[in-house]
4 protein chains.
Amino acid sequence: MKRFIAYFAFIAAIVFLSAFTVMQKKKIIFFGDSITQAGVAPNGYITLLQQMLVKSGKDKAFDLIGAGIGGNKVYDLYLRLEEDVLSKKPGLVFIYVGINDVWHKRSFGTGTDPDKFERFYNKIIDKIQATGAKVVICTPTVVGEKKGYVNELDGDLNKYSEIVRQIAKNKKVELIDLHKTIIDYINTHNPENKNAGILTTDGVHMNDEGNRFLAEQFWGYIK
Amino acid sequence: MKRFIAYFAFIAAIVFLSAFTVMQKKKIIFFGDSITQAGVAPNGYITLLQQMLVKSGKDKAFDLIGAGIGGNKVYDLYLRLEEDVLSKKPGLVFIYVGINDVWHKRSFGTGTDPDKFERFYNKIIDKIQATGAKVVICTPTVVGEKKGYVNELDGDLNKYSEIVRQIAKNKKVELIDLHKTIIDYINTHNPENKNAGILTTDGVHMNDEGNRFLAEQFWGYIK
Amino acid sequence: MKRFIAYFAFIAAIVFLSAFTVMQKKKIIFFGDSITQAGVAPNGYITLLQQMLVKSGKDKAFDLIGAGIGGNKVYDLYLRLEEDVLSKKPGLVFIYVGINDVWHKRSFGTGTDPDKFERFYNKIIDKIQATGAKVVICTPTVVGEKKGYVNELDGDLNKYSEIVRQIAKNKKVELIDLHKTIIDYINTHNPENKNAGILTTDGVHMNDEGNRFLAEQFWGYIK
Amino acid sequence: MKRFIAYFAFIAAIVFLSAFTVMQKKKIIFFGDSITQAGVAPNGYITLLQQMLVKSGKDKAFDLIGAGIGGNKVYDLYLRLEEDVLSKKPGLVFIYVGINDVWHKRSFGTGTDPDKFERFYNKIIDKIQATGAKVVICTPTVVGEKKGYVNELDGDLNKYSEIVRQIAKNKKVELIDLHKTIIDYINTHNPENKNAGILTTDGVHMNDEGNRFLAEQFWGYIK
């Protein structure tokens with residue numbers, strides 16, 4: 001009898017632990033600026049990814065967490081890394097930053113020098129990887145949707161994208177080259193060559209189409 | 001006898017005046033910034049054009065005049081238009097400006113707004129054309145010679161180039177699209193993807209190769 | 001009889017011409033930016049000056065003309081000098097410019113270099129004086145109304161004010177040192193140390209009190 | 001006998017430990033930018049403070065450590081806080097930063113927004129205080145030595161100085177108001193109103209007189 005009880009308890013424990021393991025979702029954090037902050041809104045790209053998880057029956061496996069704050073540059077992410085990312089013990093972190101680092105040079109005189117952009121970016125990756133979590137990094141999207149590289153910041157955004165591409169190589173982390181993909185998209189989807197309205201509302205922040213576009217870009221890396 | 005003398009004097013006068021007309025060279029002014037200021041140096045592009053005129057036996061027909069001043073933006077050209085251009089009664093004026101209008105935004109906070117760039121540019125053309133002289137305009141060259149649109153100001157320089165292209169269309173003046181030509185050249189002549197040293201010494205100012213490049217671009221319009 | 005008529009006509013003509021001369025008001029132009037553009041609004045400083053002229057019975061002698069355009073810098077004034085000032089044959093021109101030359105450095109990267117500010121300013125004065133008109137020049141007011149020189153652009157605005165003061169000395173034209181006067185006023189009329197609301201609505205553009213302040217500053221020079 | 005040896009050893013140990021405690025100097029770190037980096041040079045302000053310690057016989061008590069790096073802004077200090085400050089277990093840390101946070105707005109478009117300047121500054125203080133070390137903070141000195149608030153960045157430097165003054169109040173840490181003291185000094189020691197050469201070599205970096213000036217300012221806080 002005692003043996004039976006012990007045996008039963010053992011089985012129960014296994015079942016319980018398995019259940020617990022199943023219930024323990026993998027946390028995926030989207031770490032970024034205003035575009036990511038808006039990503040958790042009803043039509044935001046993170047909300048869309050969540051819906052895609054439900055549709056494909058994978059929503060039990062992943063917990064998507066938006067950690068975007070408007071106006072953030074790479075060093076702002078570094079400042080709140082512990083509190084907003086590491087303390088949550090994520091399994092995967094997407095870093096999507098860089099627009100303000102370039103844009104604020106012109107609009108406020110407070111952008112980020114390229115060498116410091118790289119230094120802070122690397123340090124963020126190091127600290128996340130030190131916890132055992134995986135990192136996927138993204139090149140910055142756009143400021144202005146005109147075709148043919150005539151938006152004021154096209155060169156500088158591509159320069160910082162190049163830095164991110166190089167970091168991905170050096171750190172051997174996966175890269176979502178949003179900058180390249182969105183530029184390619186615009187070049188074939190902007191017949192009237194408008195400054196905004198293709199994927200963005202204002203040249204920077206995503207409209208519904210832009211959020212769908214982003215969700216598609218991230219989808220393959222949700223694993 | 002008197003009649004004969006009068007007749008002879010009349011003929012002589014005609015011959016003399018014709019000769020004078022032949023001797024009256026067509027003045028061609030290069031109106032611009034530091035690149036044009038350096039254009040009259042020993043290996044400068046205007047000096048090279050002068051040598052090409054000599055070689056082709058056309059140096060009797062044209063008088064090439066450099067009117068470039070370092071740091072000049074479009075409104076600086078407007079300020080000295082009367083003194084440095086109109087008062088010299090040119091037959092043709094090349095306008096080659098725009099780099100500082102873009103570059104000084106970043107380096108000094110004193111670039112030129114796009115709408116004002118266009119307004120001053122148009123006014124300069126109007127005033128030159130009002131004298132009967134012909135105008136040929138150029139898009140700005142480069143700040144940085146890296147390939148693939150990763151130089152910080154690539155987008156903005158192309159934006160201002162687009163303004164110049166549009167002005168050429170509207171005003172029906174000839175256009176030398178230096179920006180496009182130099183970008184194309186760099187993309188095929190910069191295997192190590194250096195920031196300078198292909199056509200420029202520092203990413204902006206022309207080296208010997210760059211001056212040869214410019215001379216070739218202008219040559220077809222010397223007429 | 002005929003002689004009498006001729007005589008009468010002669011006298012009448014003299015009287016009429018004299019009357020006409022009396023009716024010919026002295027034109028006073030206010031040449032500036034958005035603050036001057038708003039100066040002709042119902043409570044604007046030029047409107048107030050007009051009311052002060054009426055009150056003091058001098059409105060028959062002067063014709064006040066507002067020639068302010070929002071966003072104008074010193075070179076914008078130069079571009080429209082002929083059309084908006086010289087062609088109107090003024091007897092007196094107030095020049096009140098400089099805020100955007102400083103402010104746009106930070107907000108758009110398109111301010112004006114100090115040496116070029118001075119060059120354009122001098123050229124404007126020269127061209128006005130060449131018509132025989134008198135010139136009175138003003139230092140730029142403020143961007144931000146905090147006390148104790150803690151507004152971001154306080155130093156630069158004072159630097160450009162110093163240029164204007166120096167021009168006044170060199171050209172021997174009268175100076176209204178608005179910058180100094182407004183700073184002194186703020187230091188004694190801003191107990192809560194607010195950024196706006198003392199003389200301006202937003203730190204730059206005048207509220208009713210600010211327009212009254214300006215009208216008082218200009219009043220003594222309307223002659 | 002054994003007891004005696006034990007007793008002797010005990011006494012010896014106490015003496016040795018006391019001696020060791022006396023030998024354990026209090027570490028004082030100077031945390032800053034290029035001015036502090038140059039502070040450890042032969043005539044630098046930290047070197048001068050060291051000489052003052054020797055003269056007054058207090059050099060056994062304090063270990064002065066320079067931790068300045070050229071071009072550093074407040075967030076650069078934050079990035080290297082652990083490695084360059086906390087890991088050294090200082091008893092006192094001087095923070096002297098802010099010039100580049102203001103200056104780089106104009107020169108590179110990469111200054112620091114006021115709200116972020118404050119946020120990073122506070123976080124640095126919190127982390128140092130959490131180790132039990134004392135903090136003394138300084139307002140930024142100058143960019144340009146002209147009198148009467150006509151240096152371009154005078155207003156903005158004073159604005160950031162005001163932020164530092166407020167932080168000192170809020171955090172109840174001691175403040176060295178270098179900005180005020182140097183401005184007062186210049187106003188009475190710059191008869192020819194030069195842009196540099198009073199306390200600096202170039203308007204920013206200290207000459208010998210400037211290093212002496214700084215050493216005097218810090219001296220009273222070395223305790």
# chains A, B, ... in the order shown; residues from 1 in each chain; ligands from 1

call {"tool": "interface_residues", "arguments": {"of": "chain C", "to": "chain A", "cutoff": "9 Å", "atoms": "only C-alpha atoms", "output": "PyMOL selection string"}}
result
chain C and resi 106-109

call {"tool": "residues_around", "arguments": {"residues": "stretch 173-177 of chain B", "least_positions_apart": "4", "cutoff": "8 Å", "atoms": "only C-alpha atoms", "output": "NGL selection string"}}
result
:B and (135-139 or 161 or 165 or 168-169 or 181 or 217-218)

call {"tool": "atom_distance", "arguments": {"atom1": "atom CA of D:Val143", "atom2": "atom CA of D:Thr112"}}
result
15.9 Å

call {"tool": "calpha_fit_and_write", "arguments": {"fixed": "chain D", "moving": "chain C", "output": "mmCIF file with C-alpha atoms, in the first residue's frame"}}
result
data_model
loop_
_atom_site.group_PDB
_atom_site.id
_atom_site.type_symbol
_atom_site.label_atom_id
_atom_site.label_comp_id
_atom_site.auth_asym_id
_atom_site.auth_seq_id
_atom_site.Cartn_x
_atom_site.Cartn_y
_atom_site.Cartn_z
ATOM 1 C CA MET C 1 56.730 30.321 27.230
ATOM 2 C CA LYS C 2 54.357 29.204 24.529
ATOM 3 C CA ARG C 3 51.669 31.291 26.103
ATOM 4 C CA PHE C 4 54.015 34.274 26.043
ATOM 5 C CA ILE C 5 54.751 33.789 22.390
ATOM 6 C CA ALA C 6 51.051 33.509 21.615
ATOM 7 C CA TYR C 7 50.416 36.681 23.578
ATOM 8 C CA PHE C 8 53.188 38.534 21.809
ATOM 9 C CA ALA C 9 51.921 37.398 18.449
ATOM 10 C CA PHE C 10 48.462 38.658 19.344
ATOM 11 C CA ILE C 11 49.798 42.078 20.327
ATOM 12 C CA ALA C 12 51.918 42.236 17.203
ATOM 13 C CA ALA C 13 48.932 41.410 15.058
ATOM 14 C CA ILE C 14 46.892 44.211 16.616
ATOM 15 C CA VAL C 15 49.686 46.696 16.109
ATOM 16 C CA PHE C 16 50.183 45.566 12.529
ATOM 17 C CA LEU C 17 46.492 45.736 11.731
ATOM 18 C CA SER C 18 46.221 49.188 13.278
ATOM 19 C CA ALA C 19 49.157 50.335 11.234
ATOM 20 C CA PHE C 20 47.538 48.839 8.179
ATOM 21 C CA THR C 21 44.343 50.702 8.925
ATOM 22 C CA VAL C 22 46.263 53.931 9.223
ATOM 23 C CA MET C 23 47.989 53.226 5.947
ATOM 24 C CA GLN C 24 44.667 52.565 4.227
ATOM 25 C CA LYS C 25 44.186 55.927 2.491
ATOM 26 C CA LYS C 26 40.803 57.347 1.659
ATOM 27 C CA LYS C 27 40.323 57.059 -2.078
ATOM 28 C CA ILE C 28 39.060 60.193 -3.807
ATOM 29 C CA ILE C 29 38.037 59.815 -7.431
ATOM 30 C CA PHE C 30 37.681 62.680 -9.911
ATOM 31 C CA PHE C 31 35.110 61.445 -12.412
ATOM 32 C CA GLY C 32 34.844 63.499 -15.583
ATOM 33 C CA ASP C 33 35.814 64.407 -19.137
ATOM 34 C CA SER C 34 38.924 65.703 -20.943
ATOM 35 C CA ILE C 35 39.497 68.476 -18.395
ATOM 36 C CA THR C 36 39.797 65.855 -15.680
ATOM 37 C CA GLN C 37 41.824 63.582 -17.980
ATOM 38 C CA ALA C 38 44.318 66.450 -18.282
ATOM 39 C CA GLY C 39 44.037 67.000 -14.511
ATOM 40 C CA VAL C 40 46.644 64.306 -13.824
ATOM 41 C CA ALA C 41 49.241 65.862 -16.170
ATOM 42 C CA PRO C 42 52.245 67.639 -14.558
ATOM 43 C CA ASN C 43 50.408 70.961 -14.123
ATOM 44 C CA GLY C 44 46.924 69.453 -13.969
ATOM 45 C CA TYR C 45 44.511 70.342 -11.195
ATOM 46 C CA ILE C 46 44.625 66.883 -9.586
ATOM 47 C CA THR C 47 48.423 66.968 -9.600
ATOM 48 C CA LEU C 48 48.268 70.384 -7.935
ATOM 49 C CA LEU C 49 45.855 69.066 -5.294
ATOM 50 C CA GLN C 50 48.295 66.227 -4.634
ATOM 51 C CA GLN C 51 51.087 68.784 -4.106
ATOM 52 C CA MET C 52 48.835 70.762 -1.770
ATOM 53 C CA LEU C 53 48.214 67.574 0.226
ATOM 54 C CA VAL C 54 51.963 66.970 0.535
ATOM 55 C CA LYS C 55 52.580 70.559 1.649
ATOM 56 C CA SER C 56 49.922 70.366 4.308
ATOM 57 C CA GLY C 57 51.123 66.937 5.445
ATOM 58 C CA LYS C 58 47.848 65.239 4.546
ATOM 59 C CA ASP C 59 49.112 63.125 1.661
ATOM 60 C CA LYS C 60 49.168 60.024 3.852
ATOM 61 C CA ALA C 61 45.426 60.301 4.333
ATOM 62 C CA PHE C 62 44.184 60.573 0.768
ATOM 63 C CA ASP C 63 44.678 58.784 -2.495
ATOM 64 C CA LEU C 64 43.639 61.029 -5.413
ATOM 65 C CA ILE C 65 42.576 59.155 -8.553
ATOM 66 C CA GLY C 66 41.858 60.794 -11.909
ATOM 67 C CA ALA C 67 39.071 59.111 -13.876
ATOM 68 C CA GLY C 68 38.526 61.496 -16.767
ATOM 69 C CA ILE C 69 38.087 60.538 -20.420
ATOM 70 C CA GLY C 70 37.947 63.037 -23.283
ATOM 71 C CA GLY C 71 34.563 63.588 -24.915
ATOM 72 C CA ASN C 72 32.640 61.990 -22.042
ATOM 73 C CA LYS C 73 29.048 62.965 -21.414
ATOM 74 C CA VAL C 74 26.958 61.986 -18.422
ATOM 75 C CA TYR C 75 25.861 58.683 -19.951
ATOM 76 C CA ASP C 76 29.448 57.763 -20.749
ATOM 77 C CA LEU C 77 30.227 58.157 -17.051
ATOM 78 C CA TYR C 78 27.297 55.886 -16.287
ATOM 79 C CA LEU C 79 28.564 53.242 -18.718
ATOM 80 C CA ARG C 80 31.961 53.031 -17.000
ATOM 81 C CA LEU C 81 30.789 53.722 -13.435
ATOM 82 C CA GLU C 82 31.214 50.148 -12.186
ATOM 83 C CA GLU C 83 34.639 49.619 -13.677
ATOM 84 C CA ASP C 84 36.233 53.025 -13.144
ATOM 85 C CA VAL C 85 34.643 54.085 -9.859
ATOM 86 C CA LEU C 86 32.655 51.566 -7.818
ATOM 87 C CA SER C 87 35.156 48.710 -8.213
ATOM 88 C CA LYS C 88 37.848 50.951 -6.693
ATOM 89 C CA LYS C 89 35.811 51.429 -3.475
ATOM 90 C CA PRO C 90 36.281 55.206 -3.136
ATOM 91 C CA GLY C 91 35.393 57.194 -0.034
ATOM 92 C CA LEU C 92 34.579 60.307 -2.063
ATOM 93 C CA VAL C 93 33.727 60.926 -5.701
ATOM 94 C CA PHE C 94 33.763 64.293 -7.455
ATOM 95 C CA ILE C 95 31.541 64.393 -10.553
ATOM 96 C CA TYR C 96 32.538 67.115 -13.000
ATOM 97 C CA VAL C 97 30.677 66.672 -16.283
ATOM 98 C CA GLY C 98 28.275 68.495 -18.591
ATOM 99 C CA ILE C 99 30.330 70.512 -21.052
ATOM 100 C CA ASN C 100 30.166 67.906 -23.813
ATOM 101 C CA ASP C 101 26.472 67.279 -23.087
ATOM 102 C CA VAL C 102 25.881 70.875 -24.192
ATOM 103 C CA TRP C 103 28.746 71.454 -26.622
ATOM 104 C CA HIS C 104 28.210 68.341 -28.750
ATOM 105 C CA LYS C 105 24.677 69.467 -29.584
ATOM 106 C CA ARG C 106 26.208 72.127 -31.797
ATOM 107 C CA SER C 107 29.410 70.454 -32.913
ATOM 108 C CA PHE C 108 28.150 66.920 -33.633
ATOM 109 C CA GLY C 109 24.385 66.907 -33.062
ATOM 110 C CA THR C 110 25.010 64.452 -30.240
ATOM 111 C CA GLY C 111 24.503 66.364 -26.999
ATOM 112 C CA THR C 112 22.269 65.198 -24.176
ATOM 113 C CA ASP C 113 18.618 66.163 -23.629
ATOM 114 C CA PRO C 114 18.159 68.025 -20.318
ATOM 115 C CA ASP C 115 15.724 65.444 -18.881
ATOM 116 C CA LYS C 116 18.080 62.577 -19.707
ATOM 117 C CA PHE C 117 21.060 64.509 -18.384
ATOM 118 C CA GLU C 118 19.224 64.729 -15.080
ATOM 119 C CA ARG C 119 18.132 61.067 -15.112
ATOM 120 C CA PHE C 120 21.608 59.652 -15.735
ATOM 121 C CA TYR C 121 23.151 62.087 -13.256
ATOM 122 C CA ASN C 122 20.765 61.007 -10.504
ATOM 123 C CA LYS C 123 21.345 57.332 -11.216
ATOM 124 C CA ILE C 124 25.120 57.789 -10.982
ATOM 125 C CA ILE C 125 24.764 59.505 -7.603
ATOM 126 C CA ASP C 126 22.410 56.781 -6.359
ATOM 127 C CA LYS C 127 24.812 54.007 -7.287
ATOM 128 C CA ILE C 128 27.796 55.727 -5.683
ATOM 129 C CA GLN C 129 25.902 56.556 -2.508
ATOM 130 C CA ALA C 130 24.659 52.959 -2.307
ATOM 131 C CA THR C 131 28.282 51.938 -1.680
ATOM 132 C CA GLY C 132 28.502 54.355 1.233
ATOM 133 C CA ALA C 133 30.796 56.757 -0.606
ATOM 134 C CA LYS C 134 30.258 60.499 -0.504
ATOM 135 C CA VAL C 135 29.543 62.505 -3.657
ATOM 136 C CA VAL C 136 30.376 66.118 -4.513
ATOM 137 C CA ILE C 137 29.042 67.466 -7.807
ATOM 138 C CA CYS C 138 30.159 70.369 -10.010
ATOM 139 C CA THR C 139 28.415 72.603 -12.532
ATOM 140 C CA PRO C 140 30.075 72.594 -15.995
ATOM 141 C CA THR C 141 32.662 75.318 -16.630
ATOM 142 C CA VAL C 142 32.671 77.240 -19.945
ATOM 143 C CA VAL C 143 32.880 77.088 -23.721
ATOM 144 C CA GLY C 144 34.355 80.478 -24.568
ATOM 145 C CA GLU C 145 35.621 83.053 -22.064
ATOM 146 C CA LYS C 146 34.030 86.259 -23.346
ATOM 147 C CA LYS C 147 32.351 88.510 -20.786
ATOM 148 C CA GLY C 148 28.721 89.541 -20.583
ATOM 149 C CA TYR C 149 27.066 86.315 -21.704
ATOM 150 C CA VAL C 150 27.936 86.581 -25.391
ATOM 151 C CA ASN C 151 29.486 83.127 -25.809
ATOM 152 C CA GLU C 152 27.221 81.000 -27.997
ATOM 153 C CA LEU C 153 26.586 78.327 -25.341
ATOM 154 C CA ASP C 154 26.420 80.555 -22.240
ATOM 155 C CA GLY C 155 22.667 80.158 -21.894
ATOM 156 C CA ASP C 156 22.632 76.405 -22.381
ATOM 157 C CA LEU C 157 25.586 75.814 -20.050
ATOM 158 C CA ASN C 158 23.836 77.832 -17.378
ATOM 159 C CA LYS C 159 20.638 75.857 -18.002
ATOM 160 C CA TYR C 160 22.498 72.579 -17.367
ATOM 161 C CA SER C 161 24.281 74.176 -14.391
ATOM 162 C CA GLU C 162 20.841 74.967 -13.002
ATOM 163 C CA ILE C 163 19.928 71.271 -13.378
ATOM 164 C CA VAL C 164 23.063 70.298 -11.449
ATOM 165 C CA ARG C 165 22.295 72.862 -8.734
ATOM 166 C CA GLN C 166 18.801 71.412 -8.417
ATOM 167 C CA ILE C 167 20.147 67.847 -8.210
ATOM 168 C CA ALA C 168 22.480 68.936 -5.412
ATOM 169 C CA LYS C 169 19.509 70.288 -3.477
ATOM 170 C CA ASN C 170 17.312 67.252 -4.096
ATOM 171 C CA LYS C 171 19.996 64.721 -3.281
ATOM 172 C CA LYS C 172 21.466 66.847 -0.484
ATOM 173 C CA VAL C 173 24.988 66.473 -1.865
ATOM 174 C CA GLU C 174 27.624 69.186 -1.774
ATOM 175 C CA LEU C 175 27.930 71.410 -4.848
ATOM 176 C CA ILE C 176 30.924 73.174 -6.358
ATOM 177 C CA ASP C 177 29.351 75.801 -8.587
ATOM 178 C CA LEU C 178 32.264 76.000 -11.015
ATOM 179 C CA HIS C 179 30.111 77.632 -13.691
ATOM 180 C CA LYS C 180 29.175 80.589 -11.520
ATOM 181 C CA THR C 181 32.659 80.950 -10.059
ATOM 182 C CA ILE C 182 34.412 80.892 -13.405
ATOM 183 C CA ILE C 183 31.934 83.350 -14.970
ATOM 184 C CA ASP C 184 32.509 85.739 -12.048
ATOM 185 C CA TYR C 185 36.265 85.345 -12.439
ATOM 186 C CA ILE C 186 36.197 86.004 -16.175
ATOM 187 C CA ASN C 187 34.044 89.100 -15.771
ATOM 188 C CA THR C 188 36.799 90.690 -13.691
ATOM 189 C CA HIS C 189 39.904 89.172 -15.301
ATOM 190 C CA ASN C 190 39.307 89.561 -19.034
ATOM 191 C CA PRO C 191 39.900 93.256 -19.787
ATOM 192 C CA GLU C 192 40.457 92.677 -23.522
ATOM 193 C CA ASN C 193 37.408 90.403 -23.682
ATOM 194 C CA LYS C 194 39.255 87.542 -25.339
ATOM 195 C CA ASN C 195 37.579 84.244 -26.239
ATOM 196 C CA ALA C 196 40.363 82.189 -24.604
ATOM 197 C CA GLY C 197 43.601 82.593 -22.688
ATOM 198 C CA ILE C 198 42.292 83.641 -19.292
ATOM 199 C CA LEU C 199 41.759 80.241 -17.625
ATOM 200 C CA THR C 200 41.644 78.117 -20.778
ATOM 201 C CA THR C 201 43.806 77.494 -23.825
ATOM 202 C CA ASP C 202 40.900 77.232 -26.255
ATOM 203 C CA GLY C 203 37.825 78.424 -24.392
ATOM 204 C CA VAL C 204 37.292 74.990 -22.821
ATOM 205 C CA HIS C 205 40.479 73.198 -21.718
ATOM 206 C CA MET C 206 42.371 74.633 -18.770
ATOM 207 C CA ASN C 207 45.729 76.379 -19.014
ATOM 208 C CA ASP C 208 48.039 76.509 -15.958
ATOM 209 C CA GLU C 209 46.052 79.343 -14.438
ATOM 210 C CA GLY C 210 42.833 77.397 -15.026
ATOM 211 C CA ASN C 211 44.222 74.304 -13.335
ATOM 212 C CA ARG C 212 45.263 76.410 -10.334
ATOM 213 C CA PHE C 213 41.769 77.894 -10.308
ATOM 214 C CA LEU C 214 40.186 74.426 -10.316
ATOM 215 C CA ALA C 215 42.537 73.107 -7.621
ATOM 216 C CA GLU C 216 41.478 75.971 -5.354
ATOM 217 C CA GLN C 217 37.824 75.237 -5.988
ATOM 218 C CA PHE C 218 38.191 71.546 -5.086
ATOM 219 C CA TRP C 219 40.641 71.967 -2.186
ATOM 220 C CA GLY C 220 38.066 72.683 0.524
ATOM 221 C CA TYR C 221 36.196 69.470 -0.296
ATOM 222 C CA ILE C 222 39.196 67.154 0.086
ATOM 223 C CA LYS C 223 38.341 65.780 3.511
#

call {"tool": "select_by_dssp", "arguments": {"residues": "stretch 22-127 of chain C", "states": "alpha helix (DSSP H)", "output": "ChimeraX atom specification"}}
result
/C:22-23,34-37,45-55,74-79,81-84,99-107,114-127

call {"tool": "select_by_dssp", "arguments": {"residues": "stretch 12-110 of chain D", "states": "strand (DSSP E)", "output": "list in words"}}
result
Lys26, Lys27, Ile28, Ile29, Phe30, Phe31, Gly32, Phe62, Asp63, Leu64, Ile65, Gly66, Ala67, Gly68, Leu92, Val93, Phe94, Ile95 and Tyr96 of chain D
